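Student: Sharing a structure, written as C-alpha cells. Questions coming.
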Amino acid sequence: MDNILALMRRGKLLGISEALDLINDGDEIAIGGMSFHRNPMAMALAIAKSNKRDLALIDREPGLAFDLLTISGRVKRIRAAMVTFEHFGIAPGFRRMVENGEVEFIEDVCEGVMSGLRAGAYGLPFMPSGITLESDLVKLNVKRGLWSIIKDPFSGEELVVVKAIRPDVAIIHAHRADEKGNVELLGPKYEDLLKVQASRKVIVTVEELVPEDYFRENPERLTIPGFLVTAVVHAPRGAWPTSMYGRYGADYGIIKRYFDSVKAGLGINDVLKVFENAWDG
Amino acid sequence: MPGMDDVIKCMAQQLRDGDIVYTGLASVPAVLAVMLARYWGREITFLNVAEIYEPVDVSITPSSGDPNVFIGGRGIVTSLDVFDLARRGLLDVMFFSAAQVDRRGNMNLSVIGNYEKPRVRLPGGAAAAYLYRRARRVIMWLKEHSSRTLVERVDFITAPGPTVNGPKLSICTPKALFEFDNSIGELVLVGLLPGSTIDDVINNMGFRPRIREPVTILEPVTEDEVRLLNKWDPNNVRSR
C-alpha cells in the first residue's frame, strides 16, 4: 500500500519494468481487450519474459495476449468463457497447455465473467445471472466454489449466482492518458471498465501521453478517472500485433506465425522471436 | 461448389424483418448471413461482438470481432448491453456453431472425450450456456455434416437444447436444414440444401432424425449473391 501512495505523490507514469514490479507472484490478472483486438501486448510480453510465478489469468473472450501468457511458464491457472483464435482455430497455447494438464483451466461462460466482474465492480459479494441451470458447466463451477444455485427470494425460482471477481491487477491498453492516470479509451470497451473497477491495482498502457490540459479542454474525453488507475505506462503500438481501434489494424501475418509456431510445439523463447520486430518501426 | 455459400443463404433465410441480432467471435458465416438478409431488404438491427453498432458494410478479416470488419457504424454498443437486452427477453436472434449437436439440441463447444482428460480441448462455449436459451431464436451453422458433428448424445452439454417454451432453434449444415420441435424436444429434418438428398443427410449423421414432409428444397445462391459474398469476403475466409 505504501508503494501505491508513493506512486500517487510522484505521478503515475512508470516504465514497463517498474510496472512489472506491481505484479506479485500468485496474482490474478484481468487482461483487457478481446480476441485480436486491443490486447495489452507490451505488458504481456514483459510478463512472459519476467520471472513471475504462479499467475492466474481471467478474461471473457481472450486471444493473443492470454494465449502467449498461458505458454509462458508464468501462469498456473486461467479462467475464460472461450479461448479462440477464430478463423485460425482453437487458441494453440491454450489447447496444448490444457490438454497436457500444464495449466488449470476454469471454463466459464460470458455471462459468468460479466456477472462476476459486475459484482466485483459494484462492491457486492455475488451477482445473479442468466446462466442456464442445465449446462454441465454449472456443477463444475459450483464445485469450484465460483458459482452457486440459489432461490430468487421474490419468485422462488432457482438461478445461478456468480461470486464476485476481484482480480489483483487489471492490465488495459488504451489510447491516451496523462500522468495522473486519467485515461481516454476510444471505441469498443468490452468489459474493460468493469475490470478497472473490480481490480485492486490497475495498469494502463497507452499509445500516447497527454498533458493534463487535454482532459480539461474537453472533459468528454475522460473514460477512466485517474483515481482508479495505479500506473500509466507509455507503450506506443503497445497492442501490436493486435488491433488498436482508430490507430492500426491487427497484423494477421504475425498472428498466423504465432499460431503456427505454438502449434508446431515451439517453446516460449522461440515463440517470443515472432514478436521481435515489434517496435522497430 | 458453393458449399458454405449455400449454408450462409440458409442462415440468412431464417432472419426476419424487424429482428435484433447479435454475432459473436469466430462467426464470419453469421456476419455474412446478416448482410445477405439485409441485401434482400429485411430490416435487421445488427449488433456484434466487435461492438460496432449498425454497420452499413463489412469487409471480412480472420476475426469477426475485428472492429475494422464493420464499416460505417453509428456508434458503440457493448456486448454487456446486448447481454442485458437478451436477459430482458428482447434479443431476437443469436448465432452459434458447435463441435457437436445432438438429437435433443444439446450443444458442445467444450471437449471431445472425457472432460478432465480431453482428447480435444475445444475453445469453450462463450455465451452458449446463456444465450442459447435466452435469445428468442437461435440460428446454428455446422461447417461439417457428419456423424462426428451430429451425434446421438454430445460428449459434454456446454448448453442444453431448447425447452417447450423456446427458443426456436434452426440448424443449417452443408446438407440439411433442421428445426427443433419444441413440443417433442427433438431436431426435425425440414429442408435439403441444393444437391443433397434425404438418404445423403441421414446416412451421414449419428442419429436418425424425424422428418417433416414435404421436405423443402432450398434454393442455391444466385450469381448475384455469390458476387456480393465475394465482395464482402474477397479472401473466402467463410469457406476455409
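Going through the C-alpha cells in order, the chains are called A, B, and so on, while each chain numbers its residues from 1 and the ligands are numbered from 1 in the order shown.
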Can you tell me, as a PyMOL selection string, what residues are no more than 10 Å from Lys263 (chain A) when counting only C-alpha atoms, ignoring any on the same chain fewer than 2 positions away?
Tutor: chain A and resi 91-93+95-96+257-261+265-266
Student: Find the nearest atom pair between each residue of chain B and chain A for residues within 6 Å, count only C-alpha atoms, give distances in Å to one decimal, sort rows by chain and ascending number, and present the table as CSV.
Tutor:
residue,atom,partner,partner_atom,distance
B:Ala26,CA,A:Glu86,CA,4.2
B:Glu51,CA,A:Pro188,CA,5.5
B:Pro62,CA,A:His87,CA,5.1
B:Ser63,CA,A:Glu86,CA,5.9
B:Arg121,CA,A:Arg95,CA,5.7
B:Pro123,CA,A:Val83,CA,4.9
B:Gly124,CA,A:Met82,CA,4.4
B:Gly125,CA,A:Met82,CA,5.9
B:Ala126,CA,A:Ala81,CA,4.5
B:Ala127,CA,A:Cys110,CA,4.8
B:Ala129,CA,A:Thr132,CA,5.4
B:Tyr130,CA,A:Ile131,CA,4.8
B:Ile157,CA,A:Asp136,CA,5.2
B:Thr158,CA,A:Ser135,CA,5.5
B:Ala159,CA,A:Ser135,CA,5.0
B:Pro160,CA,A:Ser135,CA,5.8
Student: If we count only C-alpha atoms and set the cut-off at 7 Å, which residues sit around Leu122 (chain B), ignoring sequence neighbours fewer than 5 positions away in its own chain? Please answer as a PyMOL selection string.
Tutor: (chain A and resi 90) or (chain B and resi 109-111)
Student: If you run DSSP on the backbone, which residues of region 135-232 of chain B are alpha helix (DSSP H), as a list in words?
Tutor: Ile198, Asp199, Asp200, Val201, Ile202, Asn203, Glu223, Asp224, Glu225, Val226, Arg227, Leu228, Leu229, Asn230, Lys231 and Trp232 of chain B
Student: Excluding Gly267 (chain A) and its own-chain neighbours fewer than 3 positions away, which residues fall within 10 Å of it when counting only C-alpha atoms? Please give them as a short mmCIF file (atom, residue, chain, number, x, y, z; two decimals) with N, CA and C atoms, in the first residue's frame.
Tutor:
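Resulting contents of result_8.cif:
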data_model
loop_
_atom_site.label_atom_id
_atom_site.label_comp_id
_atom_site.auth_asym_id
_atom_site.auth_seq_id
_atom_site.Cartn_x
_atom_site.Cartn_y
_atom_site.Cartn_z
N ILE A 71 1.35 -19.99 -22.30
CA ILE A 71 2.50 -20.87 -22.56
C ILE A 71 3.81 -20.32 -21.99
N SER A 72 3.73 -19.17 -21.28
CA SER A 72 4.97 -18.50 -20.87
C SER A 72 5.67 -19.19 -19.71
N GLY A 73 4.97 -20.07 -19.03
CA GLY A 73 5.55 -20.68 -17.84
C GLY A 73 5.33 -19.84 -16.59
N SER A 261 3.76 -21.37 -34.91
CA SER A 261 4.90 -21.69 -34.04
C SER A 261 4.46 -22.48 -32.81
N VAL A 262 3.38 -22.04 -32.20
CA VAL A 262 2.91 -22.72 -30.99
C VAL A 262 2.36 -24.09 -31.35
N ALA A 264 3.27 -25.92 -33.72
CA ALA A 264 4.39 -26.81 -34.05
C ALA A 264 5.14 -27.28 -32.80
N ASP A 270 11.42 -19.49 -28.36
CA ASP A 270 11.30 -19.45 -29.81
C ASP A 270 10.05 -18.70 -30.25
N VAL A 271 8.98 -18.91 -29.50
CA VAL A 271 7.73 -18.22 -29.84
C VAL A 271 7.90 -16.70 -29.71
N LEU A 272 8.65 -16.28 -28.69
CA LEU A 272 8.83 -14.83 -28.47
C LEU A 272 9.54 -14.16 -29.65
#
Student: Which of region 87-156 of chain B counts as strand (DSSP E or B) under DSSP, as an NGL selection string please?
Tutor: :B and (93-97 or 100-102 or 107-108 or 111-113 or 118-121 or 137-141 or 150-151)
Student: Please produce a file of the residues just selected, as a PDB file, in the first residue's frame, where the atoms kept are C-alpha atoms.
Tutor:
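To be explicit, this is the file written out as part09.pdb:
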ATOM      1  CA  VAL B  93     -31.510 -13.881 -32.801  1.00  0.00           C
ATOM      2  CA  MET B  94     -28.175 -15.279 -31.663  1.00  0.00           C
ATOM      3  CA  PHE B  95     -25.943 -17.357 -33.939  1.00  0.00           C
ATOM      4  CA  PHE B  96     -23.881 -20.325 -32.779  1.00  0.00           C
ATOM      5  CA  SER B  97     -21.775 -23.050 -34.243  1.00  0.00           C
ATOM      6  CA  GLN B 100     -21.280 -31.442 -31.644  1.00  0.00           C
ATOM      7  CA  VAL B 101     -25.042 -31.122 -31.502  1.00  0.00           C
ATOM      8  CA  ASP B 102     -27.396 -33.946 -30.610  1.00  0.00           C
ATOM      9  CA  MET B 107     -24.568 -28.462 -27.962  1.00  0.00           C
ATOM     10  CA  ASN B 108     -20.911 -28.969 -27.127  1.00  0.00           C
ATOM     11  CA  VAL B 111     -14.323 -31.048 -25.018  1.00  0.00           C
ATOM     12  CA  ILE B 112     -14.230 -34.143 -27.185  1.00  0.00           C
ATOM     13  CA  GLY B 113     -13.826 -37.139 -24.908  1.00  0.00           C
ATOM     14  CA  PRO B 118      -9.979 -34.469 -23.110  1.00  0.00           C
ATOM     15  CA  ARG B 119      -8.963 -35.861 -26.487  1.00  0.00           C
ATOM     16  CA  VAL B 120      -9.560 -32.352 -27.838  1.00  0.00           C
ATOM     17  CA  ARG B 121      -9.845 -29.293 -25.646  1.00  0.00           C
ATOM     18  CA  ARG B 137     -34.341 -17.665 -31.733  1.00  0.00           C
ATOM     19  CA  VAL B 138     -31.037 -19.419 -32.291  1.00  0.00           C
ATOM     20  CA  ILE B 139     -29.558 -19.971 -35.725  1.00  0.00           C
ATOM     21  CA  MET B 140     -26.797 -22.559 -35.735  1.00  0.00           C
ATOM     22  CA  TRP B 141     -24.478 -23.494 -38.529  1.00  0.00           C
ATOM     23  CA  LEU B 150     -24.476 -34.619 -35.473  1.00  0.00           C
ATOM     24  CA  VAL B 151     -24.387 -37.131 -32.632  1.00  0.00           C
TER      25      VAL B 151
END
Student: What is the CA of Val201 (chain B) to CA of Met4 (chain B) distance in Å?
Tutor: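 Computing the Euclidean distance for CA of Val201 (chain B) and CA of Met4 (chain B) yields 16.0 Å.
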